[in-house]
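J.: If you scroll down you'll find the structure; I have some questions about it.
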Amino acid sequence: MHNGMSQPEPDLDAILRSREPGHGLPRAFYQTEALYRLELDKIWHAGWLFAGFTFEIPKPGDYMTLSVDATSLIVMRGDDGAVRAFHNVCRHRGTQLCRNETGHVRAIVCPYHSWTYSRQGDLLACHGMHDGIDKKSLSLRAVATETCAGLIYVSLAERPPAFAPLAQEFGPAALPQGFERARIAKVMEYDVPANWKLVWENNRECFHCTRCHPQYVHANFDVYDDHSASDAIRAQMAAAVERTSSKWAVQGIAITHRHGGLAPFPDPDRDRWFAADRTVLAEGFQTESMDGQRVAPLMGDYQDWDVGVLRMRSMPNFWVHASCDHAVAARLLPVGPRCTRVRGYWLVHENAREGEDYQLDKLLPFWSLTNEQDWDICKWQQKGVDSIGYEPGPLSKRMEYNVDAFIRWYLKHMENDGQMTPLSRVA
Amino acid sequence: MHNGMSQPEPDLDAILRSREPGHGLPRAFYQTEALYRLELDKIWHAGWLFAGFTFEIPKPGDYMTLSVDATSLIVMRGDDGAVRAFHNVCRHRGTQLCRNETGHVRAIVCPYHSWTYSRQGDLLACHGMHDGIDKKSLSLRAVATETCAGLIYVSLAERPPAFAPLAQEFGPAALPQGFERARIAKVMEYDVPANWKLVWENNRECFHCTRCHPQYVHANFDVYDDHSASDAIRAQMAAAVERTSSKWAVQGIAITHRHGGLAPFPDPDRDRWFAADRTVLAEGFQTESMDGQRVAPLMGDYQDWDVGVLRMRSMPNFWVHASCDHAVAARLLPVGPRCTRVRGYWLVHENAREGEDYQLDKLLPFWSLTNEQDWDICKWQQKGVDSIGYEPGPLSKRMEYNVDAFIRWYLKHMENDGQMTPLSRVA
Amino acid sequence: MHNGMSQPEPDLDAILRSREPGHGLPRAFYQTEALYRLELDKIWHAGWLFAGFTFEIPKPGDYMTLSVDATSLIVMRGDDGAVRAFHNVCRHRGTQLCRNETGHVRAIVCPYHSWTYSRQGDLLACHGMHDGIDKKSLSLRAVATETCAGLIYVSLAERPPAFAPLAQEFGPAALPQGFERARIAKVMEYDVPANWKLVWENNRECFHCTRCHPQYVHANFDVYDDHSASDAIRAQMAAAVERTSSKWAVQGIAITHRHGGLAPFPDPDRDRWFAADRTVLAEGFQTESMDGQRVAPLMGDYQDWDVGVLRMRSMPNFWVHASCDHAVAARLLPVGPRCTRVRGYWLVHENAREGEDYQLDKLLPFWSLTNEQDWDICKWQQKGVDSIGYEPGPLSKRMEYNVDAFIRWYLKHMENDGQMTPLSRVA
């Protein structure tokens, strides 16, 4: 008889060992529910997650919520001005407390039995309970929170990895961009019908840009590597680097990535799960817009448009492209093995007024097109890798070195024996 | 290596042992598919389920259908006037036989191959079958059925628990209400996106009423316990009890629950899975309506409006609040670990005519509001307990003793070794 | 304690052994995910699947796509005029290549990174890859393909069963029908909410036709067996057989099934997974239309309308009824344990013009009604067999011998120890 009766639980170790070096991930990585649960433990509940921007919750009592799989978090500014995060769950019966994406409260009052928490998460009142309740033990469950350069990060780990290395890199790099003094011009939320790793694999190479993102390749040099860049392109890159480097009008705008192709990221061998660099734009492009013309007032400390593009990203859920006049960020959150929720942000200077200082129809298209093109790719990737006919192919050493780096970073964290925190934790 | 490969089937014993006394249930109770399947076996397929009212199927051949998870039942009045229930499945190829919620048939004829069953479930004809078919062995599979005070109960158990104790309590208590002589003014069916236990936990306390049900607390005393009732409230309760008790115009309307707070139910220690009691209404309330004024003609044998509220409930799927002029009932049926189908019934006297004797816009709001407020709570409860941040909190000994009682009742039945029938079965 | 903790993976062997001879299949066969996965391996990924018609892709570069569960295939005519099938998955990163149901290409160019394949599946170009890529090893993964009498079959098996026996039977039988010279008048795609085996069990008997398909029984004799046919019916069948047999105007139109009832199929004892036969129509019916009148010009080589109906079918996914003037085919594809996608085809002569030579409102109703009646049955079958009240009943030896044959064919393939190919493979 066949051994159908012994069809076991998926052997996650065997899956994790099944990747052939230099190739993509096998099919089981993109569809196995139990592996997805392990990814939540090893990566999403372990590392630092970008949650939002400090300017979104400027005043004490302002909050935002976000969900990592089924786990909802409140990110709130406290009475002391500090940003904190809590599990969005009442300590009494478990009701979800804050039910909007953003809001403002004087105290967090449970909509079920009126348990009342301070903006710092302390249980203030629980009328109707019996005597002897230890309110001190019933504060909202805190979630590690850090801020840096206007970015809010949270970690569901009990002992999160060190945040300081990211802060040391992002802080100076982002200083002139002034994310703290930005505002949201537009948010778009996408439910991408694909595993979150497909979204990253798509993000980690510009091999596909020529075919899929015509608007993007006009502005950027990513698509060129040493083989594909012509002498003219090389000269154009060099001129742009030279021109920008010579200005240094503002601290921190030196071009740090001077070549075609994507800057290497992530780097599992050096435990680099975050990176910031500044790249040049193509001739005629002042910003990442359809025609290269600026689409909003200068942001932050910039005195001149000629600052290239500040790019930052952190594993597993954040990237941003910041031009002189606006920035476009993405926040990824896992919804299931085949669904990833991506929040796209378009930021401008806090004083910029829609209709006067900027027009959405000029501001949005460059990245709304790029986003939608990518999510469409991801959808068809998921369909493809779900097939029994899928076999991982070779990754281009010229163009897909960062896809390989992402896969190695991922596998290193997944194989991390019993550790719930990323390897990048400082010992 | 991590031991992801050994991710086992959920250990249901470990889950069932994981509840801390005096606290809510841990997360796994509300989302584990295998536990839900065990609940079907131990509770839903074992005990007595409220199915509907006898007046819904007054004539031989009248039927109603209902589904317990994926199992559909026919409840039919036979030629002898008795109410019987059958599995709604043809004994030939298994087609669902009756496909409407209610109807009338001369015989049950299978829509696939015309196998024909009597209204008592006997196979009358199966033309086209070969010789030698033993029709007697191919009657519709019977499901245990009992009626009491106009209520129809069914049990999927082979040996159901004793029904007599319920009948002995509900019969006299419900006599003056006259459920047999009622009619349905309105039915509303709700798919509540929450585990069925969350629906009961919500139902078993009025701790939340002040915040969530403003219309309800005007009419009822449930929200007051010894601590929270003022002297004025206590005096009002006492006066109402006194006034009603002194009238006894009709047998069985003595007030049986004379205090604030909910009457204790269920009681796992005494195997009480059903209960009936009569409570007073607040000053100025003749019935459970928005303004306290009657909304329909008196029901049953009532000669006077001053009868308080008859409340009855039975585990795991029924409750009713019956005032002098109308009654509002709920029937719960499980759809999945995160979905419960609730049918809300509004009953009036069988002779009452809509538009003349009652207006729906007066009759419905009190409980349609209360229902919808509760289902909204349940939705957010499910979201909350699905979070990894959820930890069961303490239950108020003053206000949530019945939530604790429900949880203990539930655990007792789930731990009942191998028995498919409730503990309440008479030995 | 109960033994809930040991709830095992479904024991597929036990399920496969659980069928009582002469009865339907038990409940677990229609809802168990793991069994469905085994069916994909043992049946859907093992045997020959009807994919479409050769005339659908007449020119080199024409293609169609279809999906077997999550596995998408491309069926394409190559530069040499041969029909080939490939996995619809890029050998690079796995993207689904062809995203429409039908189309035409000069080459298959991946929409992600422009890997380019010939119409025969050879990798022609992969610009951007590093040196040393072995393009020969990166052709599209071929899927076995055969054609016969205008029908295209594919097999996902590495070593498919012999196709020649089918070709030897279908080729001569279908010759006069001229499927190669047909065109599609209409396609309807149905997602039937039922297990694929329920669709076949419904198809394999006409016991239900009297009740469910009034239009069908007017035209056909299937519903009559030796017991139910009157002398008048028998005389009518004999006259039709005699009349047709005497004409033999065209090779291959001899009536081969001369009796009432369905021709026996499949036959697990003789490994017959395909069959073709020709039956007579009822008096007054020239074709399978509502009124029996022709609804399109004669197809193929037919010189006369009096050719009865050519019926062909092959396990697990194809059947066709072909009259003198049109043919109606069905292609089944599994979507999940409770969903089957059925594509219905209405074919006419390639030169027939809609509105002139045929009217859709005359052509479609006979089979669109029959199809929709059957899918409705299947929906209620699934609901019925999902109930815990379902027990497989006896199959009529007179009317359901082919349902029994289907179940035995199915079980034989499922129990085939470790073999991924049907038993019908020629040794």
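We label chains A, B, ... in the order they appear in the structure tokens, count residues from 1 in each chain, and number ligands from 1 in the order shown.
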Using only C-alpha atoms, which residues of chain C come within 10 Å of chain B, and what is the closest atom pair for each, with the distance in Å to one decimal? Give it as a tab-separated table, sorted by chain and residue number.

T.:
```
residue	atom	partner	partner_atom	distance
C:Met1	CA	B:Asp417	CA	5.0
C:His2	CA	B:Asp417	CA	4.6
C:Asn3	CA	B:Asp13	CA	7.4
C:Gly4	CA	B:Leu12	CA	5.4
C:Met5	CA	B:Asp11	CA	4.3
C:Ser6	CA	B:Asp11	CA	7.3
C:Gln7	CA	B:Glu9	CA	7.1
C:Pro8	CA	B:Glu9	CA	7.1
C:Glu9	CA	B:Glu9	CA	7.9
C:His23	CA	B:Arg93	CA	8.6
C:Gly24	CA	B:Arg93	CA	6.6
C:Leu25	CA	B:Arg93	CA	9.0
C:Pro26	CA	B:Gly94	CA	9.8
C:Arg27	CA	B:Gly94	CA	9.4
C:Leu198	CA	B:Arg93	CA	10.0
C:Glu201	CA	B:Arg93	CA	9.6
C:Asn202	CA	B:Tyr112	CA	9.6
C:Cys206	CA	B:His113	CA	9.5
C:Phe207	CA	B:His113	CA	6.4
C:His208	CA	B:His113	CA	4.9
C:Cys209	CA	B:His113	CA	8.3
C:Thr210	CA	B:His113	CA	8.3
C:Arg211	CA	B:His113	CA	6.8
C:Cys212	CA	B:Tyr112	CA	6.9
C:Val223	CA	B:Gly128	CA	10.0
C:Tyr224	CA	B:Gly128	CA	9.8
C:Asp225	CA	B:Gly128	CA	9.2
C:His227	CA	B:Gly128	CA	8.5
C:Ser228	CA	B:Gly128	CA	8.0
C:Asp374	CA	B:Tyr112	CA	9.7
C:Ile377	CA	B:Tyr112	CA	7.0
C:Cys378	CA	B:Thr95	CA	8.5
C:Lys379	CA	B:Thr95	CA	9.0
C:Trp380	CA	B:Gln96	CA	5.6
C:Gln381	CA	B:Thr95	CA	4.4
C:Gln382	CA	B:Thr95	CA	7.5
C:Lys383	CA	B:Gln96	CA	6.3
C:Gly384	CA	B:Gln96	CA	4.5
C:Val385	CA	B:Gly94	CA	5.5
C:Asp386	CA	B:Ala70	CA	6.0
C:Ser387	CA	B:Thr71	CA	4.1
C:Ile388	CA	B:Thr71	CA	5.8
C:Gly389	CA	B:His87	CA	5.5
C:Tyr390	CA	B:Gly94	CA	5.8
C:Glu391	CA	B:Arg91	CA	6.8
C:Pro392	CA	B:Arg93	CA	6.3
C:Gly393	CA	B:His92	CA	4.3
C:Pro394	CA	B:His92	CA	6.1
C:Leu395	CA	B:His92	CA	7.3
C:Ser396	CA	B:Met129	CA	4.6
C:Lys397	CA	B:His130	CA	5.7
C:Arg398	CA	B:His130	CA	5.9
C:Met399	CA	B:Gly128	CA	6.6
C:Glu400	CA	B:Met129	CA	8.8
```

J.: Mind checking which residues fall within 9 Å of Pro266 in chain C, counting only C-alpha atoms, ignoring those fewer than 5 positions away in the same chain, and posting them as a PyMOL selection string?

T.: chain C and resi 204+271-275+314-315+402-403+405-406+408-409

J.: Keeping only N, CA and C atoms, write those residues as a compact mmCIF listing (two decimals), in the first residue's frame.

T.:
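Result file follows (again_13.txt):
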```txt
# COMPACT_ATOMS: atom_id res chain seq x y z
N ARG C 204 -22.10 9.59 -14.53
CA ARG C 204 -22.04 8.16 -14.87
C ARG C 204 -23.37 7.43 -14.71
N ASP C 271 -8.82 -2.09 -17.40
CA ASP C 271 -8.03 -0.86 -17.52
C ASP C 271 -8.53 0.06 -18.63
N ARG C 272 -9.83 0.12 -18.80
CA ARG C 272 -10.35 1.02 -19.82
C ARG C 272 -10.70 2.36 -19.18
N TRP C 273 -9.90 3.37 -19.48
CA TRP C 273 -10.11 4.73 -18.95
C TRP C 273 -10.66 5.66 -20.04
N PHE C 274 -10.97 5.08 -21.20
CA PHE C 274 -11.52 5.87 -22.31
C PHE C 274 -12.53 4.97 -23.03
N ALA C 275 -13.45 5.58 -23.72
CA ALA C 275 -14.41 4.80 -24.49
C ALA C 275 -15.10 5.72 -25.48
N SER C 314 -13.06 10.21 -21.43
CA SER C 314 -11.81 9.64 -20.91
C SER C 314 -11.61 10.14 -19.49
N MET C 315 -11.14 9.23 -18.66
CA MET C 315 -10.86 9.54 -17.26
C MET C 315 -9.53 10.30 -17.17
N ASN C 402 -22.39 2.14 -13.58
CA ASN C 402 -21.21 2.94 -13.97
C ASN C 402 -20.70 3.82 -12.83
N VAL C 403 -21.56 4.14 -11.89
CA VAL C 403 -21.06 4.83 -10.70
C VAL C 403 -20.17 3.87 -9.92
N ALA C 405 -18.60 1.40 -11.20
CA ALA C 405 -17.38 1.21 -12.01
C ALA C 405 -16.43 2.38 -11.82
N PHE C 406 -16.96 3.59 -11.77
CA PHE C 406 -16.11 4.76 -11.54
C PHE C 406 -15.41 4.65 -10.19
N ARG C 408 -14.75 2.01 -8.43
CA ARG C 408 -13.73 0.97 -8.43
C ARG C 408 -12.51 1.38 -9.24
N TRP C 409 -12.75 2.08 -10.35
CA TRP C 409 -11.61 2.61 -11.13
C TRP C 409 -10.78 3.56 -10.27
```

J.: From a DSSP calculation on the backbone, collect every residue of range 312-400 of chain A in alpha helix (DSSP H) and output the set as a list in words.

T.: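 Reading the DSSP output for range 312-400 of chain A, alpha helix (DSSP H) covers Leu360, Asp361, Lys362, Leu363, Pro365, Phe366, Trp367, Ser368, Leu369, Thr370, Asn371, Glu372, Gln373, Asp374, Trp375, Asp376, Ile377, Cys378, Lys379, Trp380, Gln381, Gln382, Lys383, Gly384 and Val385 of chain A.
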
J.: Export, as a PDB file, in the first residue's frame, the selected residues with C-alpha atoms.

T.:
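Heads up, here's the output in selection-v7.pdb:
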```pdb
ATOM      1  CA  LEU A 360      -1.018  64.836  -6.343  1.00  0.00           C
ATOM      2  CA  ASP A 361      -1.185  64.073 -10.041  1.00  0.00           C
ATOM      3  CA  LYS A 362       2.438  65.135 -10.331  1.00  0.00           C
ATOM      4  CA  LEU A 363       3.622  63.725  -7.033  1.00  0.00           C
ATOM      5  CA  PRO A 365       2.600  58.611 -10.587  1.00  0.00           C
ATOM      6  CA  PHE A 366       6.301  57.760 -10.507  1.00  0.00           C
ATOM      7  CA  TRP A 367       5.963  55.462  -7.523  1.00  0.00           C
ATOM      8  CA  SER A 368       2.308  54.488  -7.745  1.00  0.00           C
ATOM      9  CA  LEU A 369       3.159  53.062 -11.157  1.00  0.00           C
ATOM     10  CA  THR A 370       6.298  51.390  -9.846  1.00  0.00           C
ATOM     11  CA  ASN A 371       4.439  49.945  -6.889  1.00  0.00           C
ATOM     12  CA  GLU A 372       1.567  48.611  -8.934  1.00  0.00           C
ATOM     13  CA  GLN A 373       3.912  47.148 -11.526  1.00  0.00           C
ATOM     14  CA  ASP A 374       5.761  45.338  -8.769  1.00  0.00           C
ATOM     15  CA  TRP A 375       2.671  44.002  -7.034  1.00  0.00           C
ATOM     16  CA  ASP A 376       1.469  42.673 -10.349  1.00  0.00           C
ATOM     17  CA  ILE A 377       4.791  40.879 -10.773  1.00  0.00           C
ATOM     18  CA  CYS A 378       4.498  39.457  -7.269  1.00  0.00           C
ATOM     19  CA  LYS A 379       1.010  38.145  -7.981  1.00  0.00           C
ATOM     20  CA  TRP A 380       2.250  36.207 -11.024  1.00  0.00           C
ATOM     21  CA  GLN A 381       5.312  35.060  -9.131  1.00  0.00           C
ATOM     22  CA  GLN A 382       3.101  33.472  -6.498  1.00  0.00           C
ATOM     23  CA  LYS A 383       1.044  31.734  -9.177  1.00  0.00           C
ATOM     24  CA  GLY A 384       4.230  30.492 -10.796  1.00  0.00           C
ATOM     25  CA  VAL A 385       5.974  29.173  -7.697  1.00  0.00           C
TER      26      VAL A 385
END
```

J.: Near range 299-309 of chain B, within 7 Å and counting only C-alpha atoms, which residues show up once chain neighbours fewer than 5 positions away are dropped, as a PyMOL selection string?

T.: chain B and resi 176-178+181+244+250+253+278-281+286+321-326+348-349

J.: Kindly save the residues from that selection, with all heavy atoms included, as a short mmCIF file (atom, residue, chain, number, x, y, z; two decimals), in the first residue's frame.

T.:
```
data_model
loop_
_atom_site.label_atom_id
_atom_site.label_comp_id
_atom_site.auth_asym_id
_atom_site.auth_seq_id
_atom_site.Cartn_x
_atom_site.Cartn_y
_atom_site.Cartn_z
N PRO B 176 -47.55 30.42 31.35
CA PRO B 176 -48.37 31.62 31.10
C PRO B 176 -47.93 32.41 29.87
O PRO B 176 -48.70 33.19 29.33
CB PRO B 176 -48.20 32.44 32.38
CG PRO B 176 -46.93 31.94 33.00
CD PRO B 176 -46.83 30.50 32.64
N GLN B 177 -46.68 32.19 29.44
CA GLN B 177 -46.18 32.97 28.29
C GLN B 177 -46.84 32.52 26.99
O GLN B 177 -46.96 33.31 26.05
CB GLN B 177 -44.66 32.84 28.17
CG GLN B 177 -44.01 33.81 27.19
CD GLN B 177 -43.98 35.24 27.72
OE1 GLN B 177 -43.83 35.47 28.93
NE2 GLN B 177 -44.17 36.22 26.86
N GLY B 178 -47.22 31.25 26.92
CA GLY B 178 -47.93 30.75 25.75
C GLY B 178 -47.12 30.73 24.47
O GLY B 178 -47.59 31.17 23.41
N ARG B 181 -48.72 29.44 21.37
CA ARG B 181 -49.71 30.25 20.67
C ARG B 181 -49.12 31.58 20.22
O ARG B 181 -49.80 32.60 20.16
CB ARG B 181 -50.91 30.48 21.60
CG ARG B 181 -51.74 29.23 21.83
CD ARG B 181 -52.70 29.42 23.00
NE ARG B 181 -52.00 29.27 24.28
CZ ARG B 181 -52.17 30.06 25.34
NH1 ARG B 181 -53.01 31.08 25.28
NH2 ARG B 181 -51.49 29.86 26.45
N THR B 244 -45.28 42.62 42.34
CA THR B 244 -45.60 41.51 41.45
C THR B 244 -46.00 40.27 42.22
O THR B 244 -46.97 39.59 41.88
CB THR B 244 -44.38 41.20 40.56
OG1 THR B 244 -43.92 42.41 40.01
CG2 THR B 244 -44.75 40.22 39.47
N VAL B 250 -51.87 34.88 37.69
CA VAL B 250 -51.74 33.69 36.86
C VAL B 250 -50.67 32.81 37.46
O VAL B 250 -49.64 33.30 37.92
CB VAL B 250 -51.36 34.09 35.41
CG1 VAL B 250 -51.23 32.84 34.56
CG2 VAL B 250 -52.38 35.06 34.84
N ILE B 253 -46.12 33.16 37.70
CA ILE B 253 -45.45 34.41 37.42
C ILE B 253 -44.78 35.01 38.65
O ILE B 253 -44.41 36.18 38.66
CB ILE B 253 -46.38 35.45 36.75
CG1 ILE B 253 -47.50 35.85 37.71
CG2 ILE B 253 -46.91 34.93 35.44
CD1 ILE B 253 -48.19 37.13 37.28
N ARG B 278 -37.71 34.39 36.62
CA ARG B 278 -38.48 35.57 36.29
C ARG B 278 -37.92 36.73 37.09
O ARG B 278 -37.65 36.61 38.29
CB ARG B 278 -39.97 35.35 36.62
CG ARG B 278 -40.91 36.39 36.05
CD ARG B 278 -42.36 36.04 36.31
NE ARG B 278 -42.82 34.91 35.53
CZ ARG B 278 -43.32 35.02 34.30
NH1 ARG B 278 -43.45 36.20 33.72
NH2 ARG B 278 -43.72 33.94 33.66
N THR B 279 -37.68 37.85 36.40
CA THR B 279 -37.09 39.02 37.05
C THR B 279 -38.02 40.22 36.89
O THR B 279 -38.90 40.24 36.02
CB THR B 279 -35.74 39.39 36.40
OG1 THR B 279 -35.98 39.63 35.02
CG2 THR B 279 -34.74 38.26 36.56
N VAL B 280 -37.81 41.19 37.75
CA VAL B 280 -38.60 42.43 37.63
C VAL B 280 -37.97 43.36 36.61
O VAL B 280 -36.81 43.20 36.24
CB VAL B 280 -38.68 43.15 38.99
CG1 VAL B 280 -39.49 42.31 39.98
CG2 VAL B 280 -37.30 43.46 39.53
N LEU B 281 -38.77 44.30 36.14
CA LEU B 281 -38.27 45.38 35.29
C LEU B 281 -38.16 46.66 36.11
O LEU B 281 -38.77 46.77 37.18
CB LEU B 281 -39.21 45.58 34.10
CG LEU B 281 -39.08 44.55 32.99
CD1 LEU B 281 -40.28 44.61 32.05
CD2 LEU B 281 -37.79 44.78 32.19
N GLN B 286 -42.95 48.48 31.39
CA GLN B 286 -43.92 47.39 31.34
C GLN B 286 -43.39 46.22 30.53
O GLN B 286 -43.87 45.11 30.64
CB GLN B 286 -45.22 47.90 30.71
CG GLN B 286 -45.84 49.07 31.48
CD GLN B 286 -47.19 49.46 30.90
OE1 GLN B 286 -47.71 48.81 30.00
NE2 GLN B 286 -47.76 50.53 31.45
N HIS B 321 -35.77 36.18 26.33
CA HIS B 321 -36.32 37.17 27.27
C HIS B 321 -37.78 37.38 26.86
O HIS B 321 -38.04 37.83 25.75
CB HIS B 321 -35.58 38.51 27.15
CG HIS B 321 -34.37 38.62 28.01
ND1 HIS B 321 -34.08 39.73 28.78
CD2 HIS B 321 -33.37 37.75 28.23
CE1 HIS B 321 -32.94 39.55 29.42
NE2 HIS B 321 -32.47 38.37 29.10
N ALA B 322 -38.68 37.04 27.77
CA ALA B 322 -40.10 37.15 27.42
C ALA B 322 -40.78 38.15 28.35
O ALA B 322 -40.83 37.94 29.56
CB ALA B 322 -40.76 35.78 27.52
N SER B 323 -41.31 39.21 27.78
CA SER B 323 -42.06 40.21 28.52
C SER B 323 -43.56 39.88 28.42
O SER B 323 -43.95 38.88 27.82
CB SER B 323 -41.79 41.60 27.95
OG SER B 323 -40.46 41.99 28.15
N CYS B 324 -44.39 40.75 28.98
CA CYS B 324 -45.83 40.50 28.96
C CYS B 324 -46.39 40.43 27.54
O CYS B 324 -47.34 39.71 27.27
CB CYS B 324 -46.55 41.60 29.74
SG CYS B 324 -46.32 43.27 29.04
N ASP B 325 -45.75 41.16 26.62
CA ASP B 325 -46.35 41.35 25.30
C ASP B 325 -45.54 40.77 24.15
O ASP B 325 -46.04 40.65 23.03
CB ASP B 325 -46.58 42.85 25.05
CG ASP B 325 -45.29 43.66 25.17
OD1 ASP B 325 -44.29 43.11 25.70
OD2 ASP B 325 -45.29 44.82 24.75
N HIS B 326 -44.29 40.42 24.39
CA HIS B 326 -43.49 39.86 23.31
C HIS B 326 -42.32 39.10 23.93
O HIS B 326 -42.03 39.23 25.13
CB HIS B 326 -42.99 40.93 22.34
CG HIS B 326 -41.86 41.75 22.84
ND1 HIS B 326 -41.99 42.66 23.89
CD2 HIS B 326 -40.55 41.80 22.47
CE1 HIS B 326 -40.83 43.24 24.12
NE2 HIS B 326 -39.95 42.74 23.28
N VAL B 348 -44.71 37.39 19.03
CA VAL B 348 -45.89 38.07 19.60
C VAL B 348 -47.03 37.05 19.65
O VAL B 348 -46.90 35.91 19.18
CB VAL B 348 -46.30 39.30 18.75
CG1 VAL B 348 -45.21 40.38 18.79
CG2 VAL B 348 -46.60 38.88 17.30
N HIS B 349 -48.15 37.47 20.21
CA HIS B 349 -49.33 36.59 20.28
C HIS B 349 -49.74 36.20 18.86
O HIS B 349 -49.65 36.99 17.93
CB HIS B 349 -50.47 37.32 20.99
CG HIS B 349 -51.62 36.42 21.32
ND1 HIS B 349 -52.53 35.99 20.37
CD2 HIS B 349 -51.99 35.84 22.49
CE1 HIS B 349 -53.44 35.21 20.94
NE2 HIS B 349 -53.12 35.09 22.24
#
```

J.: Give the strand (DSSP E or B) residues of range 327-416 of chain A, as DSSP finds them on the backbone, and put them as a list in words.

T.: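 Written out, the strand (DSSP E or B) residues of range 327-416 of chain A are Ala327, Val328, Ala329, Ala330, Arg331, Leu332, Leu333, Pro334, Val335, Gly336, Cys339, Thr340, Arg341, Val342, Arg343, Gly344, Tyr345, Trp346, Leu347, Val348, His349, Glu354, Tyr358 and Pro394 of chain A.
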
J.: For CA of Val187 in chain B and CA of Thr256 in chain B, quote the distance in Å rounded to one decimal.

T.: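 A separation of 29.0 Å between them.
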
J.: To one decimal in Å, tell me the separation between CA of His257 in chain A and CA of Ala282 in chain A.

T.: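 Value for the CA of His257 in chain A-CA of Ala282 in chain A distance: 13.7 Å.
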
J.: Check the smallest atom-to-atom distance from each of A:Val295, A:Asn203, A:Leu262, A:Ala219 to Glu283 in chain A using only C-alpha atoms, then report the winner.

T.: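 Closest candidate: A:Ala219.
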
J.: Please determine, counting only C-alpha atoms, which residue among A:Met237, A:Ala327, A:Val109, A:Leu166 has the shortest atom-to-atom distance to Ala296 in chain A.

T.: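 That would be A:Ala327, the residue with the smallest distance to Ala296 in chain A.
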
J.: To one decimal place, how far is CA of Leu347 in chain B from CA of Gln293 in chain B in Å?

T.: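 Here the two named atoms are 16.6 Å from each other.
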
J.: What lies within 9 Å of Phe318 in chain A using only C-alpha atoms, ignoring chain neighbours under 4 positions off, as a VMD selection string?

T.: chain A and resid 49 to 51 312 to 314 329 to 332

J.: Write the selection just made, keeping C-alpha atoms, as a short mmCIF file (atom, residue, chain, number, x, y, z; two decimals), in the first residue's frame?

T.:
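Writing done, so here's result.cif:
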```
data_model
loop_
_atom_site.label_atom_id
_atom_site.label_comp_id
_atom_site.auth_asym_id
_atom_site.auth_seq_id
_atom_site.Cartn_x
_atom_site.Cartn_y
_atom_site.Cartn_z
CA LEU A 49 9.75 46.49 12.41
CA PHE A 50 9.19 49.90 10.95
CA ALA A 51 5.83 51.08 12.30
CA MET A 312 17.24 53.44 3.32
CA ARG A 313 15.86 50.01 4.04
CA SER A 314 15.66 47.62 6.94
CA ALA A 329 8.30 54.76 1.72
CA ALA A 330 6.92 51.24 2.02
CA ARG A 331 5.96 49.28 5.12
CA LEU A 332 5.40 45.54 4.72
#
```

J.: Which residues are near Cys148 in chain B? Cut-off 8 Å, only C-alpha atoms, ignore same chain within fewer than 4 positions. Put them as a CSV table (one decimal) with all heavy atoms, in the first residue's frame.

T.:
```csv
chain,number,residue,atom,x,y,z
B,152,ILE,N,-38.8,23.4,20.5
B,152,ILE,CA,-38.4,22.1,20.0
B,152,ILE,C,-36.9,22.0,20.2
B,152,ILE,O,-36.1,22.9,19.9
B,152,ILE,CB,-38.6,22.1,18.5
B,152,ILE,CG1,-40.1,22.3,18.2
B,152,ILE,CG2,-38.2,20.7,17.9
B,152,ILE,CD1,-40.4,22.5,16.7
B,167,ALA,N,-37.7,19.9,30.9
B,167,ALA,CA,-39.1,20.1,30.7
B,167,ALA,C,-39.8,20.4,32.1
B,167,ALA,O,-40.8,21.2,32.1
B,167,ALA,CB,-39.7,18.8,30.1
B,170,PHE,N,-38.8,24.2,32.6
B,170,PHE,CA,-39.3,25.2,31.6
B,170,PHE,C,-40.9,25.1,31.4
B,170,PHE,O,-41.5,26.1,31.2
B,170,PHE,CB,-38.7,24.9,30.2
B,170,PHE,CG,-37.3,25.4,30.0
B,170,PHE,CD1,-36.6,25.8,31.1
B,170,PHE,CD2,-36.8,25.6,28.7
B,170,PHE,CE1,-35.3,26.3,30.9
B,170,PHE,CE2,-35.5,26.1,28.5
B,170,PHE,CZ,-34.7,26.4,29.6
B,171,GLY,N,-41.4,23.9,31.6
B,171,GLY,CA,-42.9,23.8,31.3
B,171,GLY,C,-43.7,24.7,32.2
B,171,GLY,O,-44.4,25.6,31.7
```
